[in-house]
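Shown below: my_file-v9.pdb, with PDB, C-alpha atoms and all ligand atoms.
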ATOM      1  CA  MET E 199     -47.699  51.231 -14.120
ATOM      2  CA  THR E 200     -51.253  50.677 -12.944
ATOM      3  CA  ALA E 201     -53.830  48.489 -14.633
ATOM      4  CA  ALA E 202     -55.887  50.099 -17.387
ATOM      5  CA  MET E 203     -58.814  51.929 -15.905
ATOM      6  CA  THR E 204     -61.415  54.381 -17.106
ATOM      7  CA  LYS E 205     -63.162  56.473 -14.535
ATOM      8  CA  THR E 206     -66.395  58.024 -15.659
ATOM      9  CA  THR E 207     -67.709  59.160 -12.306
ATOM     10  CA  GLY E 208     -66.569  59.671  -8.777
ATOM     11  CA  PHE E 209     -63.193  61.279  -9.438
ATOM     12  CA  ASN E 210     -62.351  63.808  -6.778
ATOM     13  CA  ILE E 211     -58.971  65.467  -6.750
ATOM     14  CA  GLN E 212     -58.909  65.439  -2.961
ATOM     15  CA  HIS E 213     -59.347  61.680  -3.027
ATOM     16  CA  ALA E 214     -56.755  60.933  -5.698
ATOM     17  CA  VAL E 215     -54.881  58.050  -4.108
ATOM     18  CA  SER E 216     -51.585  58.049  -5.937
ATOM     19  CA  ASP E 217     -49.517  60.017  -8.401
ATOM     20  CA  ASP E 218     -50.555  57.845 -11.331
ATOM     21  CA  PRO E 219     -51.565  60.065 -14.237
ATOM     22  CA  VAL E 220     -55.181  61.162 -14.488
ATOM     23  CA  ILE E 221     -56.404  62.803 -17.691
ATOM     24  CA  LEU E 222     -59.714  64.488 -18.545
ATOM     25  CA  MET E 223     -61.219  63.755 -21.968
ATOM     26  CA  CYS E 224     -64.589  64.441 -23.593
ATOM     27  CA  PRO E 225     -66.034  61.955 -26.115
ATOM     28  CA  PRO E 226     -66.500  63.430 -29.610
ATOM     29  CA  ASP E 227     -70.289  62.853 -29.782
ATOM     30  CA  PHE E 228     -70.959  66.404 -30.960
ATOM     31  CA  PHE E 229     -67.536  67.215 -32.412
ATOM     32  CA  ASN E 230     -67.524  68.868 -35.822
ATOM     33  CA  VAL E 231     -66.146  71.922 -37.589
ATOM     34  CA  ASP E 232     -69.198  74.184 -37.374
ATOM     35  CA  TYR E 233     -67.355  77.525 -37.528
ATOM     36  CA  VAL E 234     -63.918  78.888 -38.416
ATOM     37  CA  ILE E 235     -61.856  80.409 -35.603
ATOM     38  CA  ASN E 236     -58.382  79.287 -36.614
ATOM     39  CA  PRO E 237     -56.608  78.778 -39.961
ATOM     40  CA  TRP E 238     -56.904  74.968 -39.805
ATOM     41  CA  MET E 239     -60.700  74.987 -39.808
ATOM     42  CA  ASN E 240     -61.036  75.676 -43.537
ATOM     43  CA  ALA E 241     -60.285  72.122 -44.661
ATOM     44  CA  GLU E 242     -62.646  69.498 -46.062
ATOM     45  CA  PRO E 243     -65.515  68.184 -43.886
ATOM     46  CA  VAL E 244     -64.868  65.981 -40.875
ATOM     47  CA  ASP E 245     -65.516  62.246 -41.254
ATOM     48  CA  MET E 246     -67.414  61.714 -38.002
ATOM     49  CA  ASP E 247     -67.032  57.934 -37.836
ATOM     50  CA  LYS E 248     -63.327  58.267 -38.438
ATOM     51  CA  ALA E 249     -63.079  60.944 -35.741
ATOM     52  CA  ARG E 250     -64.743  58.594 -33.267
ATOM     53  CA  ARG E 251     -62.357  55.770 -34.163
ATOM     54  CA  GLN E 252     -59.346  58.073 -33.805
ATOM     55  CA  TRP E 253     -60.559  59.349 -30.427
ATOM     56  CA  ASP E 254     -61.184  55.759 -29.241
ATOM     57  CA  ALA E 255     -57.655  54.767 -30.297
ATOM     58  CA  LEU E 256     -56.209  57.678 -28.328
ATOM     59  CA  HIS E 257     -58.329  56.781 -25.311
ATOM     60  CA  GLN E 258     -57.227  53.153 -25.487
ATOM     61  CA  THR E 259     -53.571  54.036 -25.911
ATOM     62  CA  LEU E 260     -53.734  56.122 -22.757
ATOM     63  CA  THR E 261     -55.719  53.685 -20.650
ATOM     64  CA  ARG E 262     -54.593  50.249 -21.849
ATOM     65  CA  GLN E 263     -51.063  50.908 -23.034
ATOM     66  CA  LEU E 264     -49.959  53.630 -20.650
ATOM     67  CA  GLY E 265     -52.060  52.910 -17.560
ATOM     68  CA  VAL E 266     -53.579  56.385 -17.392
ATOM     69  CA  SER E 267     -56.891  56.872 -15.597
ATOM     70  CA  VAL E 268     -59.136  58.763 -17.988
ATOM     71  CA  VAL E 269     -62.001  60.752 -16.505
ATOM     72  CA  LEU E 270     -64.776  61.617 -18.945
ATOM     73  CA  LEU E 271     -66.622  64.902 -19.264
ATOM     74  CA  GLU E 272     -70.119  64.594 -20.704
ATOM     75  CA  PRO E 273     -70.355  66.054 -24.228
ATOM     76  CA  VAL E 274     -72.835  68.884 -24.821
ATOM     77  CA  VAL E 275     -74.880  69.505 -27.984
ATOM     78  CA  GLY E 276     -73.882  72.751 -29.675
ATOM     79  CA  LEU E 277     -70.359  72.806 -28.174
ATOM     80  CA  PRO E 278     -68.328  70.975 -30.853
ATOM     81  CA  ASP E 279     -64.952  72.079 -29.453
ATOM     82  CA  LEU E 280     -65.676  70.818 -25.912
ATOM     83  CA  VAL E 281     -63.782  67.724 -27.023
ATOM     84  CA  PHE E 282     -60.584  69.802 -26.666
ATOM     85  CA  THR E 283     -60.393  69.537 -22.887
ATOM     86  CA  ALA E 284     -56.895  71.063 -22.858
ATOM     87  CA  ASN E 285     -58.725  74.360 -23.125
ATOM     88  CA  ALA E 286     -60.813  73.786 -19.982
ATOM     89  CA  ALA E 287     -58.422  75.328 -17.485
ATOM     90  CA  PHE E 288     -54.882  75.562 -16.204
ATOM     91  CA  VAL E 289     -54.711  73.010 -13.406
ATOM     92  CA  HIS E 290     -52.221  73.067 -10.563
ATOM     93  CA  GLY E 291     -52.904  70.716  -7.652
ATOM     94  CA  GLN E 292     -56.485  71.452  -6.662
ATOM     95  CA  LYS E 293     -56.598  74.851  -8.319
ATOM     96  CA  ALA E 294     -58.212  75.325 -11.704
ATOM     97  CA  VAL E 295     -57.871  78.649 -13.500
ATOM     98  CA  VAL E 296     -60.836  78.234 -15.842
ATOM     99  CA  SER E 297     -60.781  79.555 -19.399
ATOM    100  CA  HIS E 298     -62.570  82.590 -20.743
ATOM    101  CA  PHE E 299     -62.614  82.002 -24.495
ATOM    102  CA  LYS E 300     -61.839  84.710 -26.983
ATOM    103  CA  HIS E 301     -64.331  83.568 -29.591
ATOM    104  CA  PRO E 302     -68.043  83.719 -28.716
ATOM    105  CA  GLU E 303     -68.440  80.314 -30.430
ATOM    106  CA  ARG E 304     -66.558  78.704 -27.511
ATOM    107  CA  GLN E 305     -67.686  80.897 -24.628
ATOM    108  CA  GLY E 306     -70.488  78.496 -23.666
ATOM    109  CA  GLU E 307     -67.831  75.973 -22.636
ATOM    110  CA  THR E 308     -66.695  77.986 -19.610
ATOM    111  CA  ALA E 309     -69.810  77.226 -17.528
ATOM    112  CA  VAL E 310     -69.536  73.512 -18.359
ATOM    113  CA  PHE E 311     -65.894  73.342 -17.350
ATOM    114  CA  ALA E 312     -66.328  75.528 -14.242
ATOM    115  CA  ARG E 313     -69.199  73.315 -13.077
ATOM    116  CA  TRP E 314     -67.138  70.178 -13.639
ATOM    117  CA  PHE E 315     -64.167  71.496 -11.655
ATOM    118  CA  ALA E 316     -66.355  72.718  -8.785
ATOM    119  CA  ALA E 317     -68.169  69.357  -8.649
ATOM    120  CA  HIS E 318     -64.842  67.522  -8.507
ATOM    121  CA  GLY E 319     -63.368  69.343  -5.551
ATOM    122  CA  TYR E 320     -61.266  72.039  -7.243
ATOM    123  CA  ASP E 321     -60.871  75.682  -6.237
ATOM    124  CA  VAL E 322     -62.256  77.365  -9.326
ATOM    125  CA  ILE E 323     -60.545  80.606 -10.319
ATOM    126  CA  LEU E 324     -62.240  82.595 -13.053
ATOM    127  CA  SER E 325     -60.157  84.528 -15.532
ATOM    128  CA  ARG E 326     -60.866  88.020 -14.236
ATOM    129  CA  VAL E 327     -58.423  90.832 -13.552
ATOM    130  CA  ASP E 328     -59.555  94.037 -11.755
ATOM    131  CA  GLY E 329     -63.163  92.939 -12.090
ATOM    132  CA  ALA E 330     -63.034  92.402 -15.856
ATOM    133  CA  ASP E 331     -62.948  89.144 -17.825
ATOM    134  CA  VAL E 332     -59.679  88.510 -19.624
ATOM    135  CA  PHE E 333     -59.176  86.012 -22.402
ATOM    136  CA  PHE E 334     -57.414  82.857 -21.292
ATOM    137  CA  GLU E 335     -57.566  79.430 -22.953
ATOM    138  CA  GLY E 336     -56.347  77.139 -20.193
ATOM    139  CA  ALA E 337     -53.714  74.490 -20.788
ATOM    140  CA  GLY E 338     -53.944  75.399 -24.465
ATOM    141  CA  ASP E 339     -51.919  78.466 -23.523
ATOM    142  CA  ALA E 340     -50.164  77.631 -20.235
ATOM    143  CA  LEU E 341     -47.951  74.600 -19.675
ATOM    144  CA  THR E 342     -45.870  73.651 -16.669
ATOM    145  CA  TYR E 343     -42.286  72.665 -17.317
ATOM    146  CA  CYS E 344     -40.566  70.691 -14.521
ATOM    147  CA  ASN E 345     -36.890  69.998 -14.286
ATOM    148  CA  GLY E 346     -36.179  68.166 -11.066
ATOM    149  CA  THR E 347     -37.847  70.258  -8.398
ATOM    150  CA  ASP E 348     -37.856  73.451 -10.491
ATOM    151  CA  ARG E 349     -41.198  74.297 -11.995
ATOM    152  CA  GLN E 350     -42.232  77.071 -14.249
ATOM    153  CA  VAL E 351     -45.003  77.851 -16.646
ATOM    154  CA  PHE E 352     -44.555  78.705 -20.303
ATOM    155  CA  ALA E 353     -47.587  80.737 -21.303
ATOM    156  CA  GLY E 354     -48.547  81.972 -24.751
ATOM    157  CA  TYR E 355     -50.353  85.204 -25.527
ATOM    158  CA  LYS E 356     -51.751  87.385 -28.260
ATOM    159  CA  THR E 357     -53.720  85.124 -30.588
ATOM    160  CA  ARG E 358     -56.187  83.718 -28.035
ATOM    161  CA  THR E 359     -54.953  84.557 -24.563
ATOM    162  CA  ASP E 360     -54.538  87.997 -23.017
ATOM    163  CA  ILE E 361     -51.152  88.383 -21.342
ATOM    164  CA  ARG E 362     -52.886  89.800 -18.228
ATOM    165  CA  SER E 363     -54.247  86.326 -17.485
ATOM    166  CA  HIS E 364     -50.706  85.082 -16.916
ATOM    167  CA  GLU E 365     -50.501  86.913 -13.609
ATOM    168  CA  LEU E 366     -53.562  84.969 -12.406
ATOM    169  CA  VAL E 367     -51.737  81.727 -13.049
ATOM    170  CA  SER E 368     -48.667  82.989 -11.276
ATOM    171  CA  GLN E 369     -50.497  84.502  -8.271
ATOM    172  CA  HIS E 370     -53.001  81.731  -7.643
ATOM    173  CA  CYS E 371     -50.687  78.833  -8.342
ATOM    174  CA  GLY E 372     -47.470  80.364  -7.002
ATOM    175  CA  LEU E 373     -45.527  79.527 -10.142
ATOM    176  CA  PRO E 374     -43.134  81.681 -12.153
ATOM    177  CA  VAL E 375     -44.534  82.321 -15.632
ATOM    178  CA  ALA E 376     -42.550  83.063 -18.792
ATOM    179  CA  SER E 377     -44.874  84.903 -21.177
ATOM    180  CA  LEU E 378     -44.115  84.088 -24.798
ATOM    181  CA  GLU E 379     -45.669  85.821 -27.772
ATOM    182  CA  LEU E 380     -47.095  83.499 -30.417
ATOM    183  CA  VAL E 381     -46.099  84.928 -33.785
ATOM    184  CA  SER E 382     -47.651  82.531 -36.297
ATOM    185  CA  ASP E 383     -51.365  82.214 -37.079
ATOM    186  CA  HIS E 384     -51.114  78.452 -37.445
ATOM    187  CA  PHE E 385     -49.563  78.084 -33.988
ATOM    188  CA  TYR E 386     -52.367  79.940 -32.248
ATOM    189  CA  HIS E 387     -52.113  78.147 -28.870
ATOM    190  CA  ILE E 388     -48.829  77.436 -27.112
ATOM    191  CA  ASP E 389     -49.699  73.738 -26.870
ATOM    192  CA  VAL E 390     -49.503  73.380 -30.645
ATOM    193  CA  CYS E 391     -45.897  74.571 -30.664
ATOM    194  CA  LEU E 392     -44.399  73.625 -27.278
ATOM    195  CA  CYS E 393     -44.604  70.534 -25.094
ATOM    196  CA  PRO E 394     -42.911  69.898 -21.755
ATOM    197  CA  THR E 395     -42.467  66.195 -21.017
ATOM    198  CA  ASP E 396     -42.517  64.277 -17.732
ATOM    199  CA  THR E 397     -38.823  63.543 -18.339
ATOM    200  CA  GLY E 398     -37.861  67.251 -18.320
ATOM    201  CA  HIS E 399     -37.497  67.494 -22.092
ATOM    202  CA  LEU E 400     -39.181  70.249 -24.051
ATOM    203  CA  LEU E 401     -40.379  69.990 -27.638
ATOM    204  CA  TYR E 402     -40.791  73.329 -29.355
ATOM    205  CA  ALA E 403     -41.237  74.804 -32.805
ATOM    206  CA  PRO E 404     -38.784  77.735 -33.030
ATOM    207  CA  SER E 405     -40.770  79.268 -35.908
ATOM    208  CA  ALA E 406     -43.762  79.828 -33.611
ATOM    209  CA  PHE E 407     -41.868  82.249 -31.348
ATOM    210  CA  ASP E 408     -39.950  85.461 -31.798
ATOM    211  CA  GLU E 409     -36.231  85.737 -31.121
ATOM    212  CA  TYR E 410     -36.837  86.733 -27.499
ATOM    213  CA  GLY E 411     -39.169  83.756 -26.954
ATOM    214  CA  CYS E 412     -36.657  81.315 -28.390
ATOM    215  CA  ARG E 413     -33.960  82.785 -26.181
ATOM    216  CA  VAL E 414     -36.113  82.399 -23.038
ATOM    217  CA  ILE E 415     -36.857  78.768 -23.915
ATOM    218  CA  GLU E 416     -33.227  78.007 -24.699
ATOM    219  CA  GLN E 417     -31.985  79.653 -21.504
ATOM    220  CA  THR E 418     -34.540  77.858 -19.302
ATOM    221  CA  VAL E 419     -34.248  74.316 -20.581
ATOM    222  CA  PRO E 420     -30.890  72.498 -20.401
ATOM    223  CA  HIS E 421     -29.437  72.067 -23.868
ATOM    224  CA  ASP E 422     -29.562  68.251 -23.801
ATOM    225  CA  ARG E 423     -33.269  68.360 -22.932
ATOM    226  CA  LEU E 424     -34.318  70.717 -25.718
ATOM    227  CA  ILE E 425     -35.979  69.163 -28.750
ATOM    228  CA  PRO E 426     -36.486  71.672 -31.577
ATOM    229  CA  VAL E 427     -39.067  70.501 -34.099
ATOM    230  CA  VAL E 428     -38.748  71.451 -37.754
ATOM    231  CA  GLN E 429     -41.532  73.583 -39.225
ATOM    232  CA  GLU E 430     -42.835  70.833 -41.504
ATOM    233  CA  GLU E 431     -43.299  68.408 -38.605
ATOM    234  CA  ALA E 432     -44.632  71.069 -36.250
ATOM    235  CA  ARG E 433     -47.293  71.693 -38.912
ATOM    236  CA  LYS E 434     -48.280  68.043 -38.467
ATOM    237  CA  PHE E 435     -48.964  68.850 -34.806
ATOM    238  CA  ALA E 436     -45.834  67.032 -33.615
ATOM    239  CA  CYS E 437     -45.537  69.402 -30.634
ATOM    240  CA  ASN E 438     -49.165  68.821 -29.664
ATOM    241  CA  ALA E 439     -48.075  65.776 -27.736
ATOM    242  CA  ILE E 440     -49.173  63.989 -24.573
ATOM    243  CA  SER E 441     -46.337  63.073 -22.265
ATOM    244  CA  VAL E 442     -46.805  60.136 -19.891
ATOM    245  CA  PHE E 443     -43.556  59.253 -18.146
ATOM    246  CA  ASP E 444     -41.139  58.510 -21.032
ATOM    247  CA  ALA E 445     -43.891  57.906 -23.608
ATOM    248  CA  VAL E 446     -44.973  60.721 -25.924
ATOM    249  CA  VAL E 447     -48.204  60.367 -27.918
ATOM    250  CA  PHE E 448     -48.777  62.520 -30.990
ATOM    251  CA  ASN E 449     -50.084  62.648 -34.550
ATOM    252  CA  GLN E 450     -48.311  60.414 -37.062
ATOM    253  CA  GLY E 451     -45.843  61.402 -39.781
ATOM    254  CA  SER E 452     -42.973  63.210 -38.029
ATOM    255  CA  THR E 453     -40.071  60.865 -38.723
ATOM    256  CA  GLU E 454     -37.280  63.267 -37.815
ATOM    257  CA  LEU E 455     -38.808  63.869 -34.399
ATOM    258  CA  VAL E 456     -39.448  60.166 -33.837
ATOM    259  CA  ASP E 457     -35.757  59.408 -34.494
ATOM    260  CA  ASP E 458     -34.609  62.256 -32.296
ATOM    261  CA  MET E 459     -36.855  61.124 -29.438
ATOM    262  CA  ARG E 460     -35.577  57.564 -29.615
ATOM    263  CA  THR E 461     -31.963  58.702 -29.395
ATOM    264  CA  LYS E 462     -32.920  60.690 -26.289
ATOM    265  CA  GLY E 463     -34.497  57.657 -24.603
ATOM    266  CA  LEU E 464     -38.103  58.707 -25.171
ATOM    267  CA  TYR E 465     -40.788  56.348 -26.440
ATOM    268  CA  PRO E 466     -42.805  57.959 -29.263
ATOM    269  CA  ILE E 467     -46.299  56.644 -30.037
ATOM    270  CA  GLU E 468     -47.838  57.900 -33.289
ATOM    271  CA  LEU E 469     -51.575  57.925 -33.949
ATOM    272  CA  ASP E 470     -53.722  59.141 -36.836
ATOM    273  CA  LEU E 471     -55.606  62.225 -35.635
ATOM    274  CA  SER E 472     -56.424  63.733 -39.036
ATOM    275  CA  GLU E 473     -60.068  64.529 -38.278
ATOM    276  CA  PHE E 474     -59.216  66.654 -35.238
ATOM    277  CA  ILE E 475     -56.482  68.476 -37.133
ATOM    278  CA  LYS E 476     -59.261  69.783 -39.390
ATOM    279  CA  SER E 477     -60.372  71.700 -36.304
ATOM    280  CA  GLY E 478     -56.845  72.808 -35.393
ATOM    281  CA  GLY E 479     -56.337  70.272 -32.616
ATOM    282  CA  SER E 480     -54.537  66.982 -32.070
ATOM    283  CA  ALA E 481     -53.473  64.606 -29.281
ATOM    284  CA  LYS E 482     -52.661  67.066 -26.513
ATOM    285  CA  CYS E 483     -55.655  69.321 -27.228
ATOM    286  CA  LEU E 484     -57.927  66.327 -26.659
ATOM    287  CA  THR E 485     -56.627  65.834 -23.124
ATOM    288  CA  LEU E 486     -56.131  67.694 -19.880
ATOM    289  CA  ARG E 487     -53.695  66.284 -17.368
ATOM    290  CA  LEU E 488     -55.189  66.488 -13.880
ATOM    291  CA  VAL E 489     -52.601  64.523 -11.927
TER     292      VAL E 489
HETATM  293  N1  LIG A   1     -61.166  74.399 -32.905
HETATM  294  C1  LIG A   1     -60.556  74.628 -31.629
HETATM  295  C2  LIG A   1     -60.251  76.111 -31.453
HETATM  296  O1  LIG A   1     -59.937  76.758 -32.415
HETATM  297  C3  LIG A   1     -59.306  73.822 -31.489
HETATM  298  C4  LIG A   1     -58.725  73.909 -30.117
HETATM  299  C5  LIG A   1     -57.443  73.167 -29.977
HETATM  300  N2  LIG A   1     -57.027  73.159 -28.630
HETATM  301  C6  LIG A   1     -55.796  73.375 -28.182
HETATM  302  N3  LIG A   1     -55.570  73.201 -26.914
HETATM  303  N4  LIG A   1     -54.837  73.833 -28.950
HETATM  304  O2  LIG A   1     -60.306  76.670 -30.404
END
Spit out the file's structure as structure tokens when you get a sec.
Ligand code: ARG
Amino acid sequence: MTAAMTKTTGFNIQHAVSDDPVILMCPPDFFNVDYVINPWMNAEPVDMDKARRQWDALHQTLTRQLGVSVVLLEPVVGLPDLVFTANAAFVHGQKAVVSHFKHPERQGETAVFARWFAAHGYDVILSRVDGADVFFEGAGDALTYCNGTDRQVFAGYKTRTDIRSHELVSQHCGLPVASLELVSDHFYHIDVCLCPTDTGHLLYAPSAFDEYGCRVIEQTVPHDRLIPVVQEEARKFACNAISVFDAVVFNQGSTELVDDMRTKGLYPIELDLSEFIKSGGSAKCLTLRLV
């Protein structure tokens, strides 16, 4: 692994020198729960100092422990959810299919993300089909699963993302997409209930999908690579995990999953992300894998 490194400026996808992981994060300077757009956002107020400490711990785990290069997006006043960079776009190579948020409260983020991707050498694809905007919430609702050289996208729809956006991902990125309906209000983005890992494993919460969705997942991923997560642990955002090689970083408190991962040769790293869960997000939501 490479030495710990934080890049704040100068990252350009065309100049990325190796395949070492690069992740986009946004410091939580203006993070808060200022509105309610998902069922998690009704909890007690956010402790801002604690949120900052939790974000710093995540940042340090990625950079110092796992050798990830973290690129920082500048926070913007009035956009408290900008911290959830997973929702910026679906990224494939130098293509970025940028989000068009369902809720007006988050729609101001699109211009910020689109500008960032354009300035960093990406082909920016807006979420428009037949000349009309369609809702799409980036890597919150579209995740690439790789098994050897096979790649495919699992994409969620209904709660936040319009299924018509899936064809944009497939056409522009040349990837097959399995569209899965999200059936539970609490699992409103696919990245809170499904997580492909760099090792070809897939964590998923069966209760977040219908019978068809579960069947698609189970028929796509080899049996020994599938990691079903029990409802109670999925509700602790266990599936909202960041995979870096064989390490998997996620919110603390999911002992069954931790044991299961260890028996499968994975290296779980648990962090306290309680303040972000009050907004309906956790480890993975706070990051966007670029490389
Ligand atoms: N409060 C944010 C929202 O409701 C949380 C976003 C979490 N992001 C994610 N990728 N699941 O949109």
Report task. I need the residue set behind the PyMOL selection byres (((chain E and resi 295-305) around 10) and not hetatm) for this file; please write it as a VMD selection string. Result -> chain E and resid 232 to 235 276 to 280 284 to 290 293 to 294 306 to 312 315 320 to 326 331 to 339 357 to 360 363 366 to 367 370 to 371
Query raised in the report: Between E:Ile388, E:Ala432, E:Cys393, E:Val447, which one has atoms that come closest to ligand LIG 1 (chain A), using all atoms listed in the file?
Result: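 Result for the nearest residue to ligand LIG 1 (chain A): E:Ile388.
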Query raised in the report: So which residues get picked by the PyMOL selection byres (((chain E and resi 478) around 7) and not hetatm) here, written as a list in words?
Result: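 When the PyMOL selection byres (((chain E and resi 478) around 7) and not hetatm) is applied to the shown file, the picked residues are Asn236, Trp238, Met239, Phe474, Ile475, Lys476, Ser477 and Gly479 of chain E.
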Query - Output of the PyMOL selection byres (((chain E and resi 341-355) around 6) and not hetatm), listed as a PyMOL selection string - result: chain E and resi 337+339-340+356+359-361+373-379+388+394+398
Please save C-alpha atoms of the selected residues as a compact mmCIF listing (two decimals), in the frame of the given file.
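See part.txt below for the written result:
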# COMPACT_ATOMS: atom_id res chain seq x y z
CA ALA E 337 -53.71 74.49 -20.79
CA ASP E 339 -51.92 78.47 -23.52
CA ALA E 340 -50.16 77.63 -20.24
CA LYS E 356 -51.75 87.38 -28.26
CA THR E 359 -54.95 84.56 -24.56
CA ASP E 360 -54.54 88.00 -23.02
CA ILE E 361 -51.15 88.38 -21.34
CA LEU E 373 -45.53 79.53 -10.14
CA PRO E 374 -43.13 81.68 -12.15
CA VAL E 375 -44.53 82.32 -15.63
CA ALA E 376 -42.55 83.06 -18.79
CA SER E 377 -44.87 84.90 -21.18
CA LEU E 378 -44.12 84.09 -24.80
CA GLU E 379 -45.67 85.82 -27.77
CA ILE E 388 -48.83 77.44 -27.11
CA PRO E 394 -42.91 69.90 -21.76
CA GLY E 398 -37.86 67.25 -18.32
Report task. Place a sphere of radius 7 Å on (-61.8, 58.2, -24.0) in the file coordinates and name every protein, DNA or RNA residue with an atom inside or on its surface, counting all atoms listed in the file; give the answer as a ChimeraX atom specification. Result -> /E:223-225,253-254,257-258,268,270
**Report entry** Polymer residues at most 10 Å from Glu431 of chain E, all atoms listed in the file, same-chain spacing of 5 or more positions, as a list in words
**Finding:** Ala403, Ala436, Cys437, Asn449, Gln450, Gly451, Ser452, Thr453, Glu454 and Leu455 of chain E
Requested in this report: Write out as number ranges by chain the residues lying within 7 Å of Phe282 of chain E, counting only C-alpha atoms and excluding same-chain residues fewer than 5 positions away.
Outcome: E: 483-485
Query - Contacts of Val381 of chain E at 8 Å (all atoms listed in the file; same-chain gap of 6+ positions) as a PyMOL selection string - result: chain E and resi 406-408
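Shortest separation to ligand LIG 1 (chain A) among E:Asn210, E:Asn230, E:Ser368, E:Ser267 occurs at residue E:Asn230, atoms counted being all atoms listed in the file.
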Query raised in the report: Between E:Arg413, E:Arg423, E:Arg460, E:His384, which one has atoms that come closest to ligand LIG 1 (chain A), using only C-alpha atoms and all ligand atoms?
Result: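 Ranking E:Arg413, E:Arg423, E:Arg460, E:His384 by distance to ligand LIG 1 (chain A), first place goes to E:His384.
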Query raised in the report: To one decimal place, how far is atom CA of Tyr386 of chain E from atom C2 of ligand LIG 1 (chain A) in Å?
Result: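 According to the coordinates, atom CA of Tyr386 of chain E and atom C2 of ligand LIG 1 (chain A) are separated by 8.8 Å.
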Query - Length of the atom CA of Arg250 of chain E to atom CA of Glu430 of chain E vector [Å] - result: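 Computed distance, atom CA of Arg250 of chain E to atom CA of Glu430 of chain E, equals 26.4 Å.
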Query raised in the report: Which residue gives the smallest distance to Asp247 of chain E among E:Thr397, E:Asn438, E:Glu473, E:Trp314, with all atoms listed in the file counted?
Result: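 Using all atoms listed in the file, Asp247 of chain E sits closest to E:Glu473.
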Query raised in the report: So how far away is atom CA of His318 of chain E from atom CA of Phe209 of chain E, in Å?
Result: 6.5 Å
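When all atoms listed in the file are used to measure the gap to Glu272 of chain E, the shortest distance among E:Leu222, E:Gly291, E:Thr259, E:Pro243 belongs to E:Leu222.
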Axis-aligned box for ligand LIG 1 (chain A), 5 Å per side, centre and edges in Å as lines of an AutoDock Vina configuration file:
center_x = -58.0
center_y = 75.0
center_z = -29.9
size_x = 16.3
size_y = 13.6
size_z = 16.0
